[in-house]
Structures are given as structure tokens and as C-alpha cells.
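Raw contents of query.tsv, TSV, C-alpha atoms:
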chain	number	residue	atom	x	y	z
A	30	MET	CA	-11.10	10.65	-8.74
A	31	PHE	CA	-8.25	12.41	-6.93
A	32	LYS	CA	-8.69	13.84	-3.46
A	33	ASN	CA	-5.88	16.41	-3.42
A	34	LEU	CA	-3.35	15.45	-6.05
A	35	PHE	CA	-2.08	18.90	-6.99
A	36	LYS	CA	-2.27	20.41	-3.49
A	37	LYS	CA	-0.26	17.64	-1.91
A	38	ILE	CA	3.31	18.79	-2.42
A	39	ASP	CA	2.81	22.53	-1.91
A	40	SER	CA	0.83	22.22	1.31
A	41	VAL	CA	2.99	19.60	2.98
A	42	PHE	CA	6.47	20.13	1.65
A	43	GLY	CA	6.45	23.79	0.70
A	44	ILE	CA	7.53	23.21	-2.91
A	45	GLN	CA	6.75	26.23	-5.07
A	46	GLU	CA	7.87	25.29	-8.59
A	47	GLU	CA	5.18	22.89	-9.80
A	48	SER	CA	6.62	22.86	-13.32
A	49	ASP	CA	9.66	20.98	-12.08
A	50	ILE	CA	7.60	18.04	-10.79
A	51	GLY	CA	5.30	15.90	-12.90
A	52	PRO	CA	1.89	14.76	-11.63
A	53	GLU	CA	3.15	11.23	-11.02
A	54	GLU	CA	5.99	12.55	-8.84
A	55	LYS	CA	3.54	14.65	-6.85
A	56	PHE	CA	1.16	11.77	-6.41
A	57	PHE	CA	3.84	9.28	-5.35
A	58	PHE	CA	6.15	11.76	-3.64
A	59	ASP	CA	6.73	9.45	-0.67
A	60	VAL	CA	8.17	6.78	-2.97
A	61	VAL	CA	11.87	7.32	-3.66
A	62	GLY	CA	12.87	6.59	-7.26
A	63	TYR	CA	10.87	4.41	-9.68
A	64	SER	CA	9.84	7.34	-11.90
A	65	ASP	CA	8.86	5.01	-14.75
A	66	ILE	CA	6.68	2.87	-12.48
A	67	LYS	CA	5.04	6.00	-11.05
A	68	LYS	CA	4.14	7.07	-14.59
A	69	LEU	CA	2.77	3.60	-15.36
A	70	PHE	CA	0.57	3.75	-12.26
A	71	MET	CA	-0.79	7.17	-13.20
A	72	LYS	CA	-1.67	5.95	-16.71
A	73	SER	CA	-3.36	2.91	-15.18
A	74	ILE	CA	-5.36	4.97	-12.68
A	75	VAL	CA	-6.87	7.19	-15.39
A	76	SER	CA	-7.38	4.36	-17.89
A	77	LYS	CA	-10.94	3.97	-19.15
A	78	GLU	CA	-10.73	0.21	-18.70
A	79	PRO	CA	-9.58	-1.63	-15.55
A	80	VAL	CA	-5.86	-2.23	-15.23
A	81	HIS	CA	-4.40	-4.62	-12.66
A	82	ILE	CA	-0.84	-4.30	-11.36
A	83	LEU	CA	1.00	-6.60	-8.96
A	84	LEU	CA	4.16	-5.38	-7.22
A	85	THR	CA	6.48	-8.13	-6.06
A	86	GLY	CA	9.75	-8.08	-4.15
A	87	PRO	CA	11.24	-8.27	-0.65
A	88	PRO	CA	9.63	-6.48	2.34
A	89	ALA	CA	11.87	-3.40	2.00
A	90	SER	CA	11.02	-2.34	-1.53
A	91	SER	CA	8.33	0.40	-1.43
A	92	LYS	CA	5.47	-1.95	-2.40
A	93	THR	CA	3.35	-0.95	0.58
A	94	VAL	CA	4.21	2.73	0.16
A	95	PHE	CA	2.81	2.70	-3.38
A	96	LEU	CA	-0.48	1.28	-2.08
A	97	LEU	CA	-0.65	3.66	0.90
A	98	GLU	CA	-0.19	6.65	-1.40
A	99	MET	CA	-3.10	5.53	-3.58
A	100	ALA	CA	-5.26	4.77	-0.54
A	101	GLU	CA	-4.80	8.33	0.71
A	102	GLU	CA	-5.03	10.20	-2.56
A	103	LEU	CA	-7.76	8.36	-4.49
A	104	ASN	CA	-11.49	8.56	-4.02
A	105	ASP	CA	-13.43	5.30	-4.23
A	106	ALA	CA	-10.40	3.31	-3.04
A	107	TYR	CA	-10.33	0.49	-0.50
A	108	TYR	CA	-7.07	-0.62	1.11
A	109	LEU	CA	-6.86	-4.18	2.43
A	110	ASP	CA	-4.03	-5.83	4.34
A	111	SER	CA	-4.59	-9.53	3.70
A	112	VAL	CA	-2.74	-10.52	6.88
A	113	GLY	CA	-5.29	-9.02	9.24
A	114	ALA	CA	-8.42	-8.91	7.09
A	115	SER	CA	-10.98	-11.49	6.04
A	116	GLY	CA	-12.19	-12.34	2.57
A	117	PRO	CA	-15.86	-12.00	3.55
A	118	GLY	CA	-15.06	-8.54	4.89
A	119	MET	CA	-13.53	-7.55	1.55
A	120	VAL	CA	-16.42	-8.97	-0.47
A	121	GLY	CA	-18.95	-7.34	1.83
A	122	HIS	CA	-17.28	-3.96	1.44
A	123	LEU	CA	-17.27	-4.28	-2.35
A	124	PHE	CA	-20.97	-5.13	-2.38
A	125	GLU	CA	-21.91	-2.29	-0.05
A	126	ASN	CA	-19.73	0.48	-1.50
A	127	ASP	CA	-18.97	1.95	-4.90
A	128	THR	CA	-15.31	0.94	-4.96
A	129	LYS	CA	-13.25	1.60	-8.06
A	130	TYR	CA	-9.74	0.88	-6.80
A	131	LEU	CA	-9.00	-2.16	-4.66
A	132	LEU	CA	-5.56	-2.00	-3.02
A	133	VAL	CA	-4.48	-5.38	-1.64
A	134	ASP	CA	-1.32	-5.62	0.44
A	135	GLU	CA	0.24	-9.07	0.87
A	136	ILE	CA	-2.24	-10.60	-1.53
A	137	ASP	CA	-0.28	-13.87	-1.32
A	138	LYS	CA	-1.74	-14.30	2.19
A	139	MET	CA	-5.30	-14.23	0.84
A	140	LYS	CA	-7.25	-17.50	0.91
A	141	LYS	CA	-7.71	-19.35	-2.36
A	142	ASN	CA	-11.48	-18.86	-2.49
A	143	ASP	CA	-11.05	-15.11	-1.98
A	144	GLN	CA	-8.46	-15.06	-4.76
A	145	ALA	CA	-11.01	-16.84	-6.94
A	146	ALA	CA	-13.57	-14.11	-6.19
A	147	LEU	CA	-11.12	-11.46	-7.39
A	148	LEU	CA	-10.34	-13.49	-10.49
A	149	ASN	CA	-14.01	-13.63	-11.38
A	150	VAL	CA	-14.32	-9.83	-11.15
A	151	MET	CA	-11.23	-9.37	-13.29
A	152	GLU	CA	-12.45	-11.79	-15.96
A	153	THR	CA	-16.17	-11.02	-16.07
A	154	GLY	CA	-16.68	-7.71	-14.29
A	155	ILE	CA	-19.10	-9.46	-11.94
A	156	LEU	CA	-18.63	-9.87	-8.18
A	157	SER	CA	-20.34	-13.02	-6.90
A	158	GLU	CA	-20.92	-14.40	-3.45
A	159	THR	CA	-22.71	-17.57	-2.36
A	160	LYS	CA	-24.14	-17.20	1.13
A	161	LEU	CA	-25.79	-19.63	3.52
A	162	LYS	CA	-28.51	-21.89	2.14
A	163	GLY	CA	-27.05	-21.53	-1.34
A	164	LYS	CA	-28.26	-17.99	-1.92
A	165	THR	CA	-26.13	-16.06	-4.40
A	166	ARG	CA	-25.78	-12.35	-4.94
A	167	GLN	CA	-24.00	-10.58	-7.76
A	168	LYS	CA	-22.83	-7.07	-8.56
A	169	LYS	CA	-21.55	-5.75	-11.87
A	170	MET	CA	-18.56	-3.49	-11.42
A	171	LYS	CA	-15.42	-2.12	-13.06
A	172	LEU	CA	-12.65	-2.68	-10.55
A	173	TRP	CA	-9.00	-1.70	-10.79
A	174	ILE	CA	-6.84	-3.95	-8.58
A	175	PHE	CA	-3.39	-2.89	-7.40
A	176	ALA	CA	-1.67	-5.45	-5.19
A	177	ALA	CA	1.62	-6.24	-3.47
A	178	SER	CA	3.13	-9.62	-2.69
A	179	ASN	CA	6.38	-11.03	-1.35
A	180	GLU	CA	5.75	-14.43	-2.93
A	181	ALA	CA	3.71	-14.26	-6.11
A	182	THR	CA	4.01	-18.03	-6.47
A	183	ARG	CA	1.37	-18.37	-3.74
A	184	LEU	CA	-1.26	-16.83	-5.99
A	185	ILE	CA	-3.46	-19.14	-7.99
A	186	PRO	CA	-1.97	-19.13	-11.54
A	187	PRO	CA	-5.06	-17.74	-13.33
A	188	LEU	CA	-5.19	-14.77	-10.96
A	189	ARG	CA	-1.49	-14.07	-11.26
A	190	SER	CA	-1.73	-14.13	-15.05
A	191	ARG	CA	-4.31	-11.33	-15.01
A	192	PHE	CA	-1.86	-8.90	-13.41
A	193	MET	CA	0.85	-6.78	-14.96
A	194	GLU	CA	3.64	-7.97	-12.65
A	195	LEU	CA	6.49	-5.64	-11.63
A	196	HIS	CA	9.40	-6.62	-9.40
A	197	LEU	CA	10.93	-4.04	-7.04
A	198	GLU	CA	14.37	-4.37	-5.50
A	199	GLU	CA	15.14	-3.82	-1.82
A	200	TYR	CA	15.93	-0.20	-0.99
A	201	SER	CA	19.05	1.01	0.78
A	202	PHE	CA	19.28	2.43	4.30
A	203	ASP	CA	19.47	6.01	2.94
A	204	GLU	CA	16.38	5.42	0.79
A	205	PHE	CA	14.55	3.97	3.80
A	206	ILE	CA	15.34	7.09	5.85
A	207	GLU	CA	14.16	9.37	3.04
A	208	ILE	CA	10.92	7.44	2.57
A	209	THR	CA	10.35	7.51	6.34
A	210	SER	CA	10.94	11.25	6.55
A	211	ARG	CA	8.65	12.12	3.65
A	212	LEU	CA	5.84	9.88	4.80
A	213	LEU	CA	5.88	10.88	8.47
A	214	LYS	CA	6.20	14.59	7.81
A	215	LYS	CA	3.13	14.47	5.59
A	216	ARG	CA	1.04	12.19	7.80
A	217	TYR	CA	2.02	13.23	11.32
A	218	HIS	CA	3.85	16.55	10.82
A	219	LEU	CA	6.90	15.28	12.66
A	220	GLU	CA	10.22	17.12	12.52
A	221	ARG	CA	13.04	15.71	10.43
A	222	ILE	CA	15.17	14.91	13.49
A	223	ILE	CA	12.37	12.71	14.83
A	224	THR	CA	11.55	11.00	11.54
A	225	GLU	CA	15.21	10.14	11.03
A	226	ARG	CA	15.44	8.71	14.56
A	227	ILE	CA	12.40	6.54	13.87
A	228	GLY	CA	13.84	5.28	10.60
A	229	TYR	CA	17.26	4.64	12.12
A	230	SER	CA	15.81	2.82	15.14
A	231	VAL	CA	13.45	0.62	13.12
A	232	TRP	CA	16.21	-0.34	10.69
A	233	ASN	CA	19.12	-0.80	13.12
A	234	LYS	CA	17.54	-1.64	16.47
A	235	MET	CA	14.37	-3.48	15.51
A	236	LYS	CA	16.12	-5.01	12.49
A	237	SER	CA	13.05	-4.27	10.42
A	238	LYS	CA	12.78	-2.75	6.96
A	239	ASP	CA	8.98	-2.65	6.99
A	240	ILE	CA	7.49	0.82	6.60
A	241	ARG	CA	4.47	-0.35	8.61
A	242	ASP	CA	6.71	-0.62	11.69
A	243	VAL	CA	7.73	2.99	11.11
A	244	ILE	CA	4.08	4.05	11.04
A	245	LYS	CA	3.28	2.15	14.25
A	246	ILE	CA	6.02	4.02	16.11
A	247	ALA	CA	5.16	7.39	14.55
A	248	LYS	CA	1.51	7.28	15.64
A	249	LEU	CA	2.58	7.46	19.30
A	250	THR	CA	5.58	9.74	18.92
A	251	ARG	CA	5.89	13.36	20.01
A	252	SER	CA	9.55	13.53	20.94
A	253	LEU	CA	12.90	11.76	20.53
A	254	SER	CA	12.48	10.12	23.92
A	255	ASP	CA	9.15	8.70	22.76
A	256	VAL	CA	10.91	7.04	19.85
A	257	ASP	CA	13.55	5.41	22.05
A	258	TRP	CA	10.99	4.22	24.60
A	259	LEU	CA	8.55	2.82	22.00
A	260	VAL	CA	11.32	0.95	20.18
A	261	ASP	CA	12.56	-0.49	23.48
A	262	VAL	CA	9.05	-1.71	24.32
A	263	GLN	CA	8.68	-3.29	20.87
A	264	MET	CA	12.01	-5.04	21.19
A	265	LYS	CA	11.23	-6.28	24.69
A	266	TYR	CA	7.68	-7.49	24.19
A	267	GLY	CA	7.16	-7.63	20.43
A	268	ARG	CA	6.32	-10.70	18.40
A	269	ARG	CA	9.12	-13.24	18.29
A	270	LYS	CA	10.21	-14.71	15.00
A	271	ASP	CA	8.60	-17.99	14.12
A	272	PRO	CA	10.93	-20.97	14.75
What do you get writing this file as C-alpha cells?
Amino acid sequence: MFKNLFKKIDSVFGIQEESDIGPEEKFFFDVVGYSDIKKLFMKSIVSKEPVHILLTGPPASSKTVFLLEMAEELNDAYYLDSVGASGPGMVGHLFENDTKYLLVDEIDKMKKNDQAALLNVMETGILSETKLKGKTRQKKMKLWIFAASNEATRLIPPLRSRFMELHLEEYSFDEFIEITSRLLKKRYHLERIITERIGYSVWNKMKSKDIRDVIKIAKLTRSLSDVDWLVDVQMKYGRRKDP
């Protein structure tokens, strides 16, 4: 089930005293705070029966970080960003792979018919798809769904009712910097001075509180000058806000 749960902290952060940190804190180390929610997630992950959790709240509230942690640390997990992915792609992956944990970011952006497909799995344990010429295929599966949404009201009511819904508040600037530093040190082995510059620049210059913007910058960063240049390029040519 777990890829490297108990090696994670020691190998990346050099922490020696395992007894001081519970398994949920190790697993979700990149998430600052929310110890009770971390424990709830761990209980849900090891539950014998599927558990479905929906995290709601503003963009800067660790929702995506929770999902990214599970995507990296769990076997048989599939992460889906509903903004850039298609429903048929999701359904196709579930049919073709033995997926146990489906991690859906921005599930409120998912089309209604794709939401209905998830609802059917949650209610019946059967994944169904009707293809061209009316042909239907089905797959029986036990699927745990963990999702994040800014606007849960955009979900079809029956689907929303199947989730245990938890609301997260927006984190502070200091929490954003700490999350950025933990995540980027683990993923890209960047020095603290660089991770802090990335967090500061994304928050103050790009006026973004989205951890995904941090990751985009970090992937191309090797030095402080890289951070400044990449942020300048994003600010100059990046997507403009919708009118």
C-alpha cells in the first residue's frame, strides 16, 4: 500500500527520533498543521471499506498538498487535475489499471457526466462506460476517492452527499513558506534559501497562493537568479486574469 512511508522523513529531512513523530505526521509532513485531519486520512487509507473525503476551501489552504502527498506515497493511486484532464481519460485509466485510490483535484471542474460515473462507483462499486454504438463495459472495483474543490456547490448533490466534507482555511504567509520549503526540499533537493525565495516571489510578486505555481518554478530552478528570472517571465507573459 505505502511506497516509502517510514523512510520518508529520515532520508529527506534527517530526522532521527521517529518516536516523536506519528505515522500520519510522517506521511503528510509537507502539510503544516491539521494533525487531526492527517489522522483521519490515515484511518481512511487503511480502512477495509472505501472512504471518500472532499476537502473544500480557498486556493491557499493545503488541499492540493494533501492530494500530492498521497499521490507520491501510495501505491495504486491515480492523481487527476480536473482542469487539464478529460473524463474519458480518467475512466479509461480506471478500466485499464488496478487503481485503489483516486485523487481528484478541483473536482468541481469535472463535467456532470463524469461526476455521475464516480457516483455510480461510490454507490454500487461498479464502473460503467457506454461507448460508441451503445456498447457498455463494466468493472467491479473498490475505489477510495479523495478530492479537493474550491466550490463544492458545483458538484451534483448526490455525489457531494457521498463524501465526508472537510473545510480548510487559508494559510498564512509563514505557513506558505514552510510548506514550500518542505515540499521543494523533498522533491527537488533545493536549498532553504532558494525555496524561501520561490515562496516569497510566488506570494508577493506573482500574487499567487497556489502551491502548483511554486512547483512550476521549482522544476526549472537551480539558483536564486533562476527564481527571479522565471518569476519575471511568468509575470510578463503569464495568463491574464479573466475579465
Exercise for review: Find, counting all atoms listed in the file, the residue in A:Leu123, A:Ile246, A:Ile206, A:Leu83 that gets nearest to Leu184 (chain A).
Suggested key: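 Once distances to Leu184 (chain A) are computed over all atoms listed in the file, the minimum belongs to A:Leu83.
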Review point. For Leu172 (chain A), which residue out of A:Asp143, A:Glu220, A:Glu152, A:Glu225 is the nearest one, using only C-alpha atoms?
Key: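 Between A:Asp143, A:Glu220, A:Glu152, A:Glu225, the residue approaching Leu172 (chain A) most closely is A:Glu152.
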Point to revise | Distance of CA of Pro187 (chain A) from CA of Lys160 (chain A), expressed in Å to one decimal place | key: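 About the pair CA of Lys160 (chain A) and CA of Pro187 (chain A): they are 23.9 Å apart.
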Check your understanding: Suppose you want the space between CA of Thr85 (chain A) and CA of Val60 (chain A); what is it in Å?
Key ->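 So the two atoms, CA of Thr85 (chain A) and CA of Val60 (chain A), lie 15.3 Å apart.
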Practice item. Show which residues sit within 12 Å of Asn142 (chain A), as number ranges by chain. Count all atoms listed in the file, and ignore same-chain residues fewer than 3 positions away. Key: A: 115-117, 120, 138-139, 145-149, 157-159, 184-185, 188
**Study point:** Å distance separating CA of Tyr200 (chain A) from CA of Ser90 (chain A), one decimal place
**Key:** 5.4 Å
Check your understanding: Which one is closest to Ser201 (chain A): A:Lys169, A:Lys248, A:Lys215, A:Lys238? Count all atoms listed in the file.
Key -> A:Lys238
Exercise for review: Would you mind listing what lies within 7 Å of Thr224 (chain A) as an MDAnalysis selection string, with all atoms listed in the file counted and same-chain residues fewer than 3 positions away left out?
Suggested key: chainID A and resid 209:210 213 219:221 227:228
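For Lys67 (chain A), the list of residues within 10 Å, based on all atoms listed in the file and with local chain neighbours fewer than 5 positions off taken out, reads A:Pro52, A:Glu53, A:Glu54, A:Lys55, A:Phe56, A:Phe57, A:Phe58, A:Val60, A:Gly62, A:Lys72, A:Ser73, A:Phe95.
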Keeping C-alpha atoms, export the residues of the selection given above as a tab-separated table (two decimals), in the coordinates of the input.
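Once written, result30.tsv looks like this:
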chain	number	residue	atom	x	y	z
A	52	PRO	CA	1.89	14.76	-11.63
A	53	GLU	CA	3.15	11.23	-11.02
A	54	GLU	CA	5.99	12.55	-8.84
A	55	LYS	CA	3.54	14.65	-6.85
A	56	PHE	CA	1.16	11.77	-6.41
A	57	PHE	CA	3.84	9.28	-5.35
A	58	PHE	CA	6.15	11.76	-3.64
A	60	VAL	CA	8.17	6.78	-2.97
A	62	GLY	CA	12.87	6.59	-7.26
A	72	LYS	CA	-1.67	5.95	-16.71
A	73	SER	CA	-3.36	2.91	-15.18
A	95	PHE	CA	2.81	2.70	-3.38
**Study point:** Residue with smallest distance to Leu69 (chain A) - pool A:Arg183, A:Tyr229, A:Glu194, A:Val112, counting only C-alpha atoms
**Key:**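 Smallest separation from Leu69 (chain A) among the options: A:Glu194.
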How big is the axis-aligned box around all listed atoms of region 226-230 of chain A once 3 Å goes on each side, and where's its centre, in Å to one decimal, as lines of an AutoDock Vina configuration file?
center_x = 14.8
center_y = 5.8
center_z = 12.9
size_x = 10.9
size_y = 11.9
size_z = 10.5
**Study point:** Of the listed residues A:Pro186, A:Gly267, A:Gly121, A:Gly154, that which approaches Pro79 (chain A) most closely, counting all atoms listed in the file
**Key:**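 Nearest candidate to Pro79 (chain A) out of A:Pro186, A:Gly267, A:Gly121, A:Gly154: A:Gly154.
Among the candidate residues A:Lys92, A:Arg216, A:Arg166, A:Arg211, the one lying nearest to Glu135 (chain A) is A:Lys92, with distances computed using all atoms listed in the file.
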Practice item. Could you please give me, as number ranges by chain, the residues of protein, DNA or RNA lying at most 8 Å from (6.6, -6.0, -10.7) in the coordinate frame of the file, considering only C-alpha atoms? Key: A: 82-86, 193-197
Please produce, as a Markdown table, a per-residue contact table for region 203-234 of chain A versus region 255-261 of chain A (criterion: any atom at most 9 Å away, only C-alpha atoms considered), showing the nearest atom pair and its distance in Å to one decimal, sorted by chain then residue number.
| residue | atom | partner | partner_atom | distance |
| --- | --- | --- | --- | --- |
| A:Ile223 | CA | A:Val256 | CA | 7.7 |
| A:Arg226 | CA | A:Val256 | CA | 7.2 |
| A:Ile227 | CA | A:Val256 | CA | 6.2 |
| A:Ser230 | CA | A:Val260 | CA | 7.0 |
| A:Val231 | CA | A:Val260 | CA | 7.4 |
| A:Lys234 | CA | A:Val260 | CA | 7.7 |
N, CA and C atoms for region 182-201 of chain A, written as an mmCIF file, in the frame of the given file, could you do that?
data_model
loop_
_atom_site.group_PDB
_atom_site.id
_atom_site.type_symbol
_atom_site.label_atom_id
_atom_site.label_comp_id
_atom_site.auth_asym_id
_atom_site.auth_seq_id
_atom_site.Cartn_x
_atom_site.Cartn_y
_atom_site.Cartn_z
ATOM 1 N N THR A 182 4.264 -16.628 -6.160
ATOM 2 C CA THR A 182 4.010 -18.030 -6.470
ATOM 3 C C THR A 182 2.861 -18.603 -5.646
ATOM 4 N N ARG A 183 2.482 -17.907 -4.581
ATOM 5 C CA ARG A 183 1.370 -18.370 -3.740
ATOM 6 C C ARG A 183 0.009 -17.987 -4.309
ATOM 7 N N LEU A 184 0.006 -17.177 -5.349
ATOM 8 C CA LEU A 184 -1.260 -16.830 -5.990
ATOM 9 C C LEU A 184 -1.688 -17.968 -6.907
ATOM 10 N N ILE A 185 -2.995 -18.147 -7.040
ATOM 11 C CA ILE A 185 -3.460 -19.140 -7.990
ATOM 12 C C ILE A 185 -3.047 -18.655 -9.395
ATOM 13 N N PRO A 186 -2.526 -19.546 -10.237
ATOM 14 C CA PRO A 186 -1.970 -19.130 -11.540
ATOM 15 C C PRO A 186 -2.895 -18.273 -12.404
ATOM 16 N N PRO A 187 -4.203 -18.589 -12.491
ATOM 17 C CA PRO A 187 -5.060 -17.740 -13.330
ATOM 18 C C PRO A 187 -5.141 -16.298 -12.833
ATOM 19 N N LEU A 188 -5.145 -16.120 -11.510
ATOM 20 C CA LEU A 188 -5.190 -14.770 -10.960
ATOM 21 C C LEU A 188 -3.889 -14.036 -11.251
ATOM 22 N N ARG A 189 -2.783 -14.704 -11.019
ATOM 23 C CA ARG A 189 -1.490 -14.070 -11.260
ATOM 24 C C ARG A 189 -1.346 -13.636 -12.720
ATOM 25 N N SER A 190 -1.868 -14.430 -13.623
ATOM 26 C CA SER A 190 -1.730 -14.130 -15.050
ATOM 27 C C SER A 190 -2.518 -12.894 -15.463
ATOM 28 N N ARG A 191 -3.494 -12.487 -14.672
ATOM 29 C CA ARG A 191 -4.310 -11.330 -15.010
ATOM 30 C C ARG A 191 -3.620 -10.016 -14.652
ATOM 31 N N PHE A 192 -2.566 -10.098 -13.850
ATOM 32 C CA PHE A 192 -1.860 -8.900 -13.410
ATOM 33 C C PHE A 192 -0.711 -8.540 -14.346
ATOM 34 N N MET A 193 -0.424 -7.248 -14.435
ATOM 35 C CA MET A 193 0.850 -6.780 -14.960
ATOM 36 C C MET A 193 1.805 -6.832 -13.764
ATOM 37 N N GLU A 194 2.791 -7.706 -13.815
ATOM 38 C CA GLU A 194 3.640 -7.970 -12.650
ATOM 39 C C GLU A 194 4.960 -7.198 -12.743
ATOM 40 N N LEU A 195 5.275 -6.444 -11.682
ATOM 41 C CA LEU A 195 6.490 -5.640 -11.630
ATOM 42 C C LEU A 195 7.280 -5.997 -10.371
ATOM 43 N N HIS A 196 8.555 -6.239 -10.533
ATOM 44 C CA HIS A 196 9.400 -6.620 -9.400
ATOM 45 C C HIS A 196 10.233 -5.428 -8.927
ATOM 46 N N LEU A 197 10.171 -5.136 -7.628
ATOM 47 C CA LEU A 197 10.930 -4.040 -7.040
ATOM 48 C C LEU A 197 12.075 -4.605 -6.193
ATOM 49 N N GLU A 198 13.218 -3.958 -6.285
ATOM 50 C CA GLU A 198 14.370 -4.370 -5.500
ATOM 51 C C GLU A 198 14.348 -3.733 -4.113
ATOM 52 N N GLU A 199 15.059 -4.343 -3.187
ATOM 53 C CA GLU A 199 15.140 -3.820 -1.820
ATOM 54 C C GLU A 199 15.849 -2.469 -1.816
ATOM 55 N N TYR A 200 15.286 -1.510 -1.029
ATOM 56 C CA TYR A 200 15.930 -0.200 -0.990
ATOM 57 C C TYR A 200 17.050 -0.165 0.034
ATOM 58 N N SER A 201 17.897 0.850 -0.100
ATOM 59 C CA SER A 201 19.050 1.010 0.780
ATOM 60 C C SER A 201 18.626 1.700 2.082
#
